[in-house]
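Enquirer: My questions all concern the structure below.
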Amino acid sequence: MDEFVLKSCSVEDLNVKITILCVGKIKEKFYVQAIEEYMKRLKSYCKPEIIEVADEKTPDNASEKEEAIIKDKEGERILANIRDSAYVIALAIEGVMPDSVELADKIDKLGISGVSHIIFIIGGSLGLSDRVLDRADFKLSFSRMTFPHQLMRVILLEQVYRSYRIIKNEPYHK
């Protein structure tokens with residue numbers, strides 16, 4: 001296992017709240033364990049939380065109209081959990097695709113500019129509604145590929161953790 005050297009953080013760092021707002025619950029134990037590990041690690045740098053909203057069942061062979069209705073229902077649940085003052089980053093395949101250092105720089109600059117709450121949004125299997133994407137202050141993409149939203153939660157948490165390690169100039173495997 002890699003050795004982690006933790007440095008002390010200022011009070012301002014720990015005042016930043018990082019919320020992962022996502023559709024659906026995680027059922028697989030291995031995802032739950034990975035999520036719990038990164039949430040524990042993040043507590044040294046910020047106030048992390050996960051908010052899950054209910055997902056809608058998508059019928060087989062759903063029409064575009066049915067899919068839009070499902071995304072809208074999930075979107076309403078997402079929007080109900082967003083305060084006006086929060087900075088919203090939606091995970092969207094068409095978003096900006098930064099490297100880890102660029103993501104760290106984005107998070108760092110948001111904190112320096114006084115943003116106290118960053119919300120990352122992960123949609124369900126159909127993606128995010130137009131209203132949620134319109135509310136987003138920034139659209140983030142990890143790849144043009146599609147990932148299961150359960151795995152995306154782990155990947156996102158790891159990258160947020162990596163961002164804080166980069167911001168603090170702390171060692172982390174490359």
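Here, A, B, ... name the chains of the structure tokens in the order displayed, residue numbers run from 1 inside each chain, and ligands are numbered from 1 in the same displayed order.
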Within 12 Å of A:Leu126, counting only C-alpha atoms, which residues show up once you throw out same-chain ones fewer than 6 positions away? Write them as an MDAnalysis selection string, please.
Expert: chainID A and resid 23:24 55:59 62:64 66:75 92:93 146:149
Enquirer: How would the residues just picked look written out with N, CA and C atoms as a PDB file, in the first residue's frame?
Expert:
ATOM      1  N   VAL A  23     -27.941  10.183  -8.914  1.00  0.00           N
ATOM      2  CA  VAL A  23     -29.179   9.435  -9.112  1.00  0.00           C
ATOM      3  C   VAL A  23     -28.920   7.967  -8.804  1.00  0.00           C
ATOM      4  N   GLY A  24     -29.752   7.394  -7.945  1.00  0.00           N
ATOM      5  CA  GLY A  24     -29.666   5.964  -7.661  1.00  0.00           C
ATOM      6  C   GLY A  24     -28.811   5.635  -6.464  1.00  0.00           C
ATOM      7  N   ASP A  55     -33.925   6.956  -8.569  1.00  0.00           N
ATOM      8  CA  ASP A  55     -33.904   6.824 -10.019  1.00  0.00           C
ATOM      9  C   ASP A  55     -35.258   6.287 -10.485  1.00  0.00           C
ATOM     10  N   GLU A  56     -35.532   6.489 -11.752  1.00  0.00           N
ATOM     11  CA  GLU A  56     -36.766   6.006 -12.374  1.00  0.00           C
ATOM     12  C   GLU A  56     -36.453   4.732 -13.139  1.00  0.00           C
ATOM     13  N   LYS A  57     -37.364   3.821 -13.142  1.00  0.00           N
ATOM     14  CA  LYS A  57     -37.210   2.611 -13.953  1.00  0.00           C
ATOM     15  C   LYS A  57     -37.378   3.003 -15.419  1.00  0.00           C
ATOM     16  N   THR A  58     -36.471   2.513 -16.239  1.00  0.00           N
ATOM     17  CA  THR A  58     -36.561   2.754 -17.674  1.00  0.00           C
ATOM     18  C   THR A  58     -37.051   1.486 -18.341  1.00  0.00           C
ATOM     19  N   PRO A  59     -38.222   1.551 -18.980  1.00  0.00           N
ATOM     20  CA  PRO A  59     -38.722   0.345 -19.645  1.00  0.00           C
ATOM     21  C   PRO A  59     -37.834  -0.035 -20.833  1.00  0.00           C
ATOM     22  N   ALA A  62     -37.662   1.960 -24.470  1.00  0.00           N
ATOM     23  CA  ALA A  62     -38.310   3.238 -24.166  1.00  0.00           C
ATOM     24  C   ALA A  62     -38.131   4.201 -25.336  1.00  0.00           C
ATOM     25  N   SER A  63     -39.160   4.958 -25.631  1.00  0.00           N
ATOM     26  CA  SER A  63     -39.086   5.958 -26.695  1.00  0.00           C
ATOM     27  C   SER A  63     -38.277   7.155 -26.211  1.00  0.00           C
ATOM     28  N   GLU A  64     -37.885   8.030 -27.140  1.00  0.00           N
ATOM     29  CA  GLU A  64     -37.162   9.239 -26.764  1.00  0.00           C
ATOM     30  C   GLU A  64     -38.003  10.084 -25.823  1.00  0.00           C
ATOM     31  N   GLU A  66     -40.331   9.007 -23.693  1.00  0.00           N
ATOM     32  CA  GLU A  66     -40.322   8.366 -22.375  1.00  0.00           C
ATOM     33  C   GLU A  66     -39.006   8.622 -21.650  1.00  0.00           C
ATOM     34  N   GLU A  67     -37.895   8.549 -22.381  1.00  0.00           N
ATOM     35  CA  GLU A  67     -36.592   8.811 -21.773  1.00  0.00           C
ATOM     36  C   GLU A  67     -36.484  10.257 -21.293  1.00  0.00           C
ATOM     37  N   ALA A  68     -37.021  11.194 -22.069  1.00  0.00           N
ATOM     38  CA  ALA A  68     -36.998  12.604 -21.669  1.00  0.00           C
ATOM     39  C   ALA A  68     -37.809  12.814 -20.391  1.00  0.00           C
ATOM     40  N   ILE A  69     -38.954  12.146 -20.288  1.00  0.00           N
ATOM     41  CA  ILE A  69     -39.796  12.254 -19.091  1.00  0.00           C
ATOM     42  C   ILE A  69     -39.045  11.710 -17.877  1.00  0.00           C
ATOM     43  N   ILE A  70     -38.362  10.590 -18.052  1.00  0.00           N
ATOM     44  CA  ILE A  70     -37.585   9.994 -16.953  1.00  0.00           C
ATOM     45  C   ILE A  70     -36.473  10.935 -16.514  1.00  0.00           C
ATOM     46  N   LYS A  71     -35.723  11.490 -17.481  1.00  0.00           N
ATOM     47  CA  LYS A  71     -34.646  12.426 -17.138  1.00  0.00           C
ATOM     48  C   LYS A  71     -35.202  13.664 -16.443  1.00  0.00           C
ATOM     49  N   ASP A  72     -36.370  14.142 -16.880  1.00  0.00           N
ATOM     50  CA  ASP A  72     -36.981  15.310 -16.252  1.00  0.00           C
ATOM     51  C   ASP A  72     -37.376  15.019 -14.803  1.00  0.00           C
ATOM     52  N   LYS A  73     -37.947  13.839 -14.536  1.00  0.00           N
ATOM     53  CA  LYS A  73     -38.323  13.472 -13.165  1.00  0.00           C
ATOM     54  C   LYS A  73     -37.089  13.403 -12.274  1.00  0.00           C
ATOM     55  N   GLU A  74     -36.045  12.726 -12.771  1.00  0.00           N
ATOM     56  CA  GLU A  74     -34.807  12.644 -11.994  1.00  0.00           C
ATOM     57  C   GLU A  74     -34.200  14.034 -11.825  1.00  0.00           C
ATOM     58  N   GLY A  75     -34.281  14.843 -12.875  1.00  0.00           N
ATOM     59  CA  GLY A  75     -33.749  16.198 -12.835  1.00  0.00           C
ATOM     60  C   GLY A  75     -34.420  17.071 -11.785  1.00  0.00           C
ATOM     61  N   ALA A  92     -20.917  15.450 -17.637  1.00  0.00           N
ATOM     62  CA  ALA A  92     -21.596  15.350 -18.925  1.00  0.00           C
ATOM     63  C   ALA A  92     -20.574  14.998 -19.991  1.00  0.00           C
ATOM     64  N   ILE A  93     -20.928  14.059 -20.826  1.00  0.00           N
ATOM     65  CA  ILE A  93     -19.993  13.562 -21.834  1.00  0.00           C
ATOM     66  C   ILE A  93     -19.491  14.677 -22.751  1.00  0.00           C
ATOM     67  N   THR A 146     -18.807   5.898 -22.063  1.00  0.00           N
ATOM     68  CA  THR A 146     -19.868   5.833 -21.062  1.00  0.00           C
ATOM     69  C   THR A 146     -19.444   4.879 -19.954  1.00  0.00           C
ATOM     70  N   PHE A 147     -19.679   5.300 -18.707  1.00  0.00           N
ATOM     71  CA  PHE A 147     -19.363   4.474 -17.547  1.00  0.00           C
ATOM     72  C   PHE A 147     -20.635   4.260 -16.727  1.00  0.00           C
ATOM     73  N   PRO A 148     -20.718   3.142 -16.008  1.00  0.00           N
ATOM     74  CA  PRO A 148     -21.847   2.976 -15.090  1.00  0.00           C
ATOM     75  C   PRO A 148     -21.795   4.080 -14.033  1.00  0.00           C
ATOM     76  N   HIS A 149     -22.968   4.619 -13.670  1.00  0.00           N
ATOM     77  CA  HIS A 149     -22.933   5.735 -12.726  1.00  0.00           C
ATOM     78  C   HIS A 149     -22.384   5.321 -11.364  1.00  0.00           C
TER      79      HIS A 149
END
Enquirer: Might you pull out every residue within 12 Å of A:Arg41, with only C-alpha atoms counted and same-chain residues fewer than 4 positions away left off, and present them as a ChimeraX atom specification?
Expert: /A:4-6,34-37,45-48,157-162,164-165
Enquirer: Write a file of the selected residues as a compact mmCIF listing (two decimals), in the first residue's frame, keeping N, CA and C atoms.
Expert:
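Full text of result34.txt as output:
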# COMPACT_ATOMS: atom_id res chain seq x y z
N PHE A 4 0.88 7.53 2.69
CA PHE A 4 0.29 8.85 2.54
C PHE A 4 0.83 9.74 3.65
N VAL A 5 1.30 10.90 3.28
CA VAL A 5 1.79 11.88 4.23
C VAL A 5 0.75 12.99 4.29
N LEU A 6 0.09 13.13 5.42
CA LEU A 6 -0.94 14.15 5.56
C LEU A 6 -0.37 15.39 6.22
N ALA A 34 -15.22 1.24 -1.71
CA ALA A 34 -14.35 2.25 -2.33
C ALA A 34 -14.86 3.66 -2.03
N ILE A 35 -16.16 3.85 -2.12
CA ILE A 35 -16.75 5.16 -1.83
C ILE A 35 -16.49 5.55 -0.39
N GLU A 36 -16.71 4.63 0.54
CA GLU A 36 -16.46 4.92 1.95
C GLU A 36 -15.00 5.29 2.20
N GLU A 37 -14.08 4.60 1.54
CA GLU A 37 -12.66 4.90 1.71
C GLU A 37 -12.32 6.32 1.25
N TYR A 45 -9.62 17.19 4.11
CA TYR A 45 -9.47 18.34 3.23
C TYR A 45 -10.72 19.21 3.10
N CYS A 46 -11.88 18.62 3.26
CA CYS A 46 -13.13 19.34 3.03
C CYS A 46 -14.25 18.65 3.80
N LYS A 47 -15.45 19.13 3.61
CA LYS A 47 -16.62 18.49 4.20
C LYS A 47 -17.36 17.75 3.08
N PRO A 48 -17.06 16.47 2.90
CA PRO A 48 -17.71 15.73 1.80
C PRO A 48 -19.06 15.17 2.22
N LEU A 157 -14.84 10.60 -6.90
CA LEU A 157 -14.29 10.78 -5.55
C LEU A 157 -12.77 10.66 -5.54
N GLU A 158 -12.24 9.71 -6.29
CA GLU A 158 -10.79 9.55 -6.36
C GLU A 158 -10.16 10.80 -6.96
N GLN A 159 -10.76 11.37 -7.99
CA GLN A 159 -10.18 12.55 -8.63
C GLN A 159 -10.30 13.80 -7.75
N VAL A 160 -11.36 13.92 -6.99
CA VAL A 160 -11.48 15.04 -6.05
C VAL A 160 -10.41 14.88 -4.96
N TYR A 161 -10.24 13.67 -4.46
CA TYR A 161 -9.19 13.41 -3.47
C TYR A 161 -7.81 13.72 -4.06
N ARG A 162 -7.57 13.25 -5.26
CA ARG A 162 -6.29 13.53 -5.94
C ARG A 162 -6.10 15.03 -6.09
N TYR A 164 -7.15 17.46 -4.17
CA TYR A 164 -6.70 18.05 -2.90
C TYR A 164 -5.26 17.70 -2.59
N ARG A 165 -4.84 16.50 -2.92
CA ARG A 165 -3.43 16.12 -2.72
C ARG A 165 -2.53 17.01 -3.59
Enquirer: Just list as a ChimeraX atom specification whatever in chain A DSSP marks as strand (DSSP E).
Expert: /A:17-23,47-53,87-96,117-122,138-140
Enquirer: Stretch 18-168 of chain A: which residues are helix (DSSP H, G or I) by DSSP, as a PDB file with C-alpha atoms, in the first residue's frame?
Expert:
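Saved as out-v6.pdb:
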ATOM      1  CA  LYS A  29     -20.366  -3.980  -1.845  1.00  0.00           C
ATOM      2  CA  PHE A  30     -17.065  -3.301  -3.640  1.00  0.00           C
ATOM      3  CA  TYR A  31     -18.310   0.110  -4.852  1.00  0.00           C
ATOM      4  CA  VAL A  32     -19.649   0.938  -1.375  1.00  0.00           C
ATOM      5  CA  GLN A  33     -16.255   0.093   0.182  1.00  0.00           C
ATOM      6  CA  ALA A  34     -14.351   2.247  -2.329  1.00  0.00           C
ATOM      7  CA  ILE A  35     -16.754   5.159  -1.831  1.00  0.00           C
ATOM      8  CA  GLU A  36     -16.455   4.917   1.949  1.00  0.00           C
ATOM      9  CA  GLU A  37     -12.656   4.898   1.715  1.00  0.00           C
ATOM     10  CA  TYR A  38     -12.490   8.058  -0.420  1.00  0.00           C
ATOM     11  CA  MET A  39     -15.107   9.815   1.721  1.00  0.00           C
ATOM     12  CA  LYS A  40     -12.958   9.062   4.786  1.00  0.00           C
ATOM     13  CA  ARG A  41      -9.821  10.372   3.063  1.00  0.00           C
ATOM     14  CA  LEU A  42     -11.574  13.535   1.876  1.00  0.00           C
ATOM     15  CA  GLU A  64     -37.162   9.239 -26.764  1.00  0.00           C
ATOM     16  CA  LYS A  65     -40.209  10.920 -25.219  1.00  0.00           C
ATOM     17  CA  GLU A  66     -40.322   8.366 -22.375  1.00  0.00           C
ATOM     18  CA  GLU A  67     -36.592   8.811 -21.773  1.00  0.00           C
ATOM     19  CA  ALA A  68     -36.998  12.604 -21.669  1.00  0.00           C
ATOM     20  CA  ILE A  69     -39.796  12.254 -19.091  1.00  0.00           C
ATOM     21  CA  ILE A  70     -37.585   9.994 -16.953  1.00  0.00           C
ATOM     22  CA  LYS A  71     -34.646  12.426 -17.138  1.00  0.00           C
ATOM     23  CA  ASP A  72     -36.981  15.310 -16.252  1.00  0.00           C
ATOM     24  CA  LYS A  73     -38.323  13.472 -13.165  1.00  0.00           C
ATOM     25  CA  GLU A  74     -34.807  12.644 -11.994  1.00  0.00           C
ATOM     26  CA  GLY A  75     -33.749  16.198 -12.835  1.00  0.00           C
ATOM     27  CA  GLU A  76     -36.459  17.695 -10.619  1.00  0.00           C
ATOM     28  CA  ARG A  77     -35.183  15.598  -7.719  1.00  0.00           C
ATOM     29  CA  ILE A  78     -31.637  16.781  -8.386  1.00  0.00           C
ATOM     30  CA  LEU A  79     -32.612  20.453  -8.656  1.00  0.00           C
ATOM     31  CA  SER A 100      -5.959  15.885 -12.923  1.00  0.00           C
ATOM     32  CA  VAL A 101      -3.805  18.987 -12.416  1.00  0.00           C
ATOM     33  CA  GLU A 102      -6.313  21.158 -14.279  1.00  0.00           C
ATOM     34  CA  LEU A 103      -9.192  19.790 -12.177  1.00  0.00           C
ATOM     35  CA  ALA A 104      -7.191  20.491  -9.012  1.00  0.00           C
ATOM     36  CA  ASP A 105      -6.560  24.038 -10.244  1.00  0.00           C
ATOM     37  CA  LYS A 106     -10.301  24.512 -10.878  1.00  0.00           C
ATOM     38  CA  ILE A 107     -11.217  23.328  -7.366  1.00  0.00           C
ATOM     39  CA  ASP A 108      -8.444  25.442  -5.828  1.00  0.00           C
ATOM     40  CA  LYS A 109      -9.500  28.615  -7.682  1.00  0.00           C
ATOM     41  CA  LEU A 110     -13.132  28.091  -6.666  1.00  0.00           C
ATOM     42  CA  GLY A 111     -12.078  27.898  -3.005  1.00  0.00           C
ATOM     43  CA  ILE A 112      -9.811  30.926  -3.301  1.00  0.00           C
ATOM     44  CA  ASP A 130     -31.616  19.838 -19.942  1.00  0.00           C
ATOM     45  CA  ARG A 131     -32.729  21.830 -16.881  1.00  0.00           C
ATOM     46  CA  VAL A 132     -29.951  20.304 -14.769  1.00  0.00           C
ATOM     47  CA  LEU A 133     -27.370  20.943 -17.490  1.00  0.00           C
ATOM     48  CA  ASP A 134     -28.616  24.530 -17.804  1.00  0.00           C
ATOM     49  CA  ARG A 135     -28.222  25.022 -14.037  1.00  0.00           C
ATOM     50  CA  HIS A 149     -22.933   5.735 -12.726  1.00  0.00           C
ATOM     51  CA  GLN A 150     -21.893   3.584  -9.737  1.00  0.00           C
ATOM     52  CA  LEU A 151     -18.311   3.364 -11.030  1.00  0.00           C
ATOM     53  CA  MET A 152     -18.352   7.046 -11.964  1.00  0.00           C
ATOM     54  CA  ARG A 153     -19.000   7.909  -8.328  1.00  0.00           C
ATOM     55  CA  VAL A 154     -15.791   6.105  -7.315  1.00  0.00           C
ATOM     56  CA  ILE A 155     -13.795   7.707 -10.137  1.00  0.00           C
ATOM     57  CA  LEU A 156     -15.077  11.180  -9.256  1.00  0.00           C
ATOM     58  CA  LEU A 157     -14.295  10.782  -5.553  1.00  0.00           C
ATOM     59  CA  GLU A 158     -10.788   9.553  -6.362  1.00  0.00           C
ATOM     60  CA  GLN A 159     -10.180  12.550  -8.630  1.00  0.00           C
ATOM     61  CA  VAL A 160     -11.476  15.041  -6.047  1.00  0.00           C
ATOM     62  CA  TYR A 161      -9.195  13.407  -3.466  1.00  0.00           C
ATOM     63  CA  ARG A 162      -6.291  13.526  -5.938  1.00  0.00           C
ATOM     64  CA  SER A 163      -7.091  17.206  -6.567  1.00  0.00           C
ATOM     65  CA  TYR A 164      -6.705  18.051  -2.900  1.00  0.00           C
ATOM     66  CA  ARG A 165      -3.431  16.122  -2.719  1.00  0.00           C
ATOM     67  CA  ILE A 166      -2.176  18.133  -5.722  1.00  0.00           C
ATOM     68  CA  ILE A 167      -3.393  21.439  -4.231  1.00  0.00           C
TER      69      ILE A 167
END
Enquirer: Which residue gives the smallest distance to A:Phe120 among A:Asn15, A:Ser143, A:Ser44, A:Asn81, with only C-alpha atoms counted?
Expert: A:Asn81
Enquirer: Taking only C-alpha atoms into account, which of A:Glu52, A:Glu28, A:Glu170, A:Asp60 comes nearest A:Ile121?
Expert: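 For A:Ile121, the nearest of the candidates is A:Glu52.
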Enquirer: Rounded to one decimal, what separation in Å do you get between atom CA of A:Ala54 and atom CA of A:Cys22?
Expert: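 Atom CA of A:Ala54 sits 8.8 Å away from atom CA of A:Cys22.
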Enquirer: When you look at stretch 87-91 of chain A with a cut-off of 7 Å (counting only C-alpha atoms), what residues show up, excluding the ones that are within fewer than 3 positions of it in the same chain? I need them as a PDB file with C-alpha atoms, in the first residue's frame.
Expert:
ATOM      1  CA  VAL A 115     -17.002  29.357  -3.183  1.00  0.00           C
ATOM      2  CA  HIS A 117     -20.070  24.660  -1.665  1.00  0.00           C
ATOM      3  CA  ILE A 118     -19.253  22.680  -4.803  1.00  0.00           C
ATOM      4  CA  ILE A 119     -21.817  20.180  -6.028  1.00  0.00           C
ATOM      5  CA  PHE A 120     -20.824  17.494  -8.523  1.00  0.00           C
ATOM      6  CA  ILE A 121     -23.830  15.925 -10.255  1.00  0.00           C
ATOM      7  CA  ILE A 122     -23.873  12.380 -11.632  1.00  0.00           C
ATOM      8  CA  LEU A 133     -27.370  20.943 -17.490  1.00  0.00           C
ATOM      9  CA  ALA A 136     -24.647  23.758 -14.098  1.00  0.00           C
ATOM     10  CA  ASP A 137     -21.895  26.351 -13.790  1.00  0.00           C
ATOM     11  CA  PHE A 138     -19.431  23.951 -15.409  1.00  0.00           C
ATOM     12  CA  LYS A 139     -19.746  20.718 -17.373  1.00  0.00           C
ATOM     13  CA  LEU A 140     -17.051  18.134 -16.651  1.00  0.00           C
ATOM     14  CA  SER A 141     -16.259  15.072 -18.727  1.00  0.00           C
TER      15      SER A 141
END
Enquirer: Under the rule that only C-alpha atoms are counted, which of A:Ala80, A:Ile20, A:Lys25, A:Arg144 is the nearest residue to A:Ile51?
Expert: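 Nearest to A:Ile51: A:Ile20.
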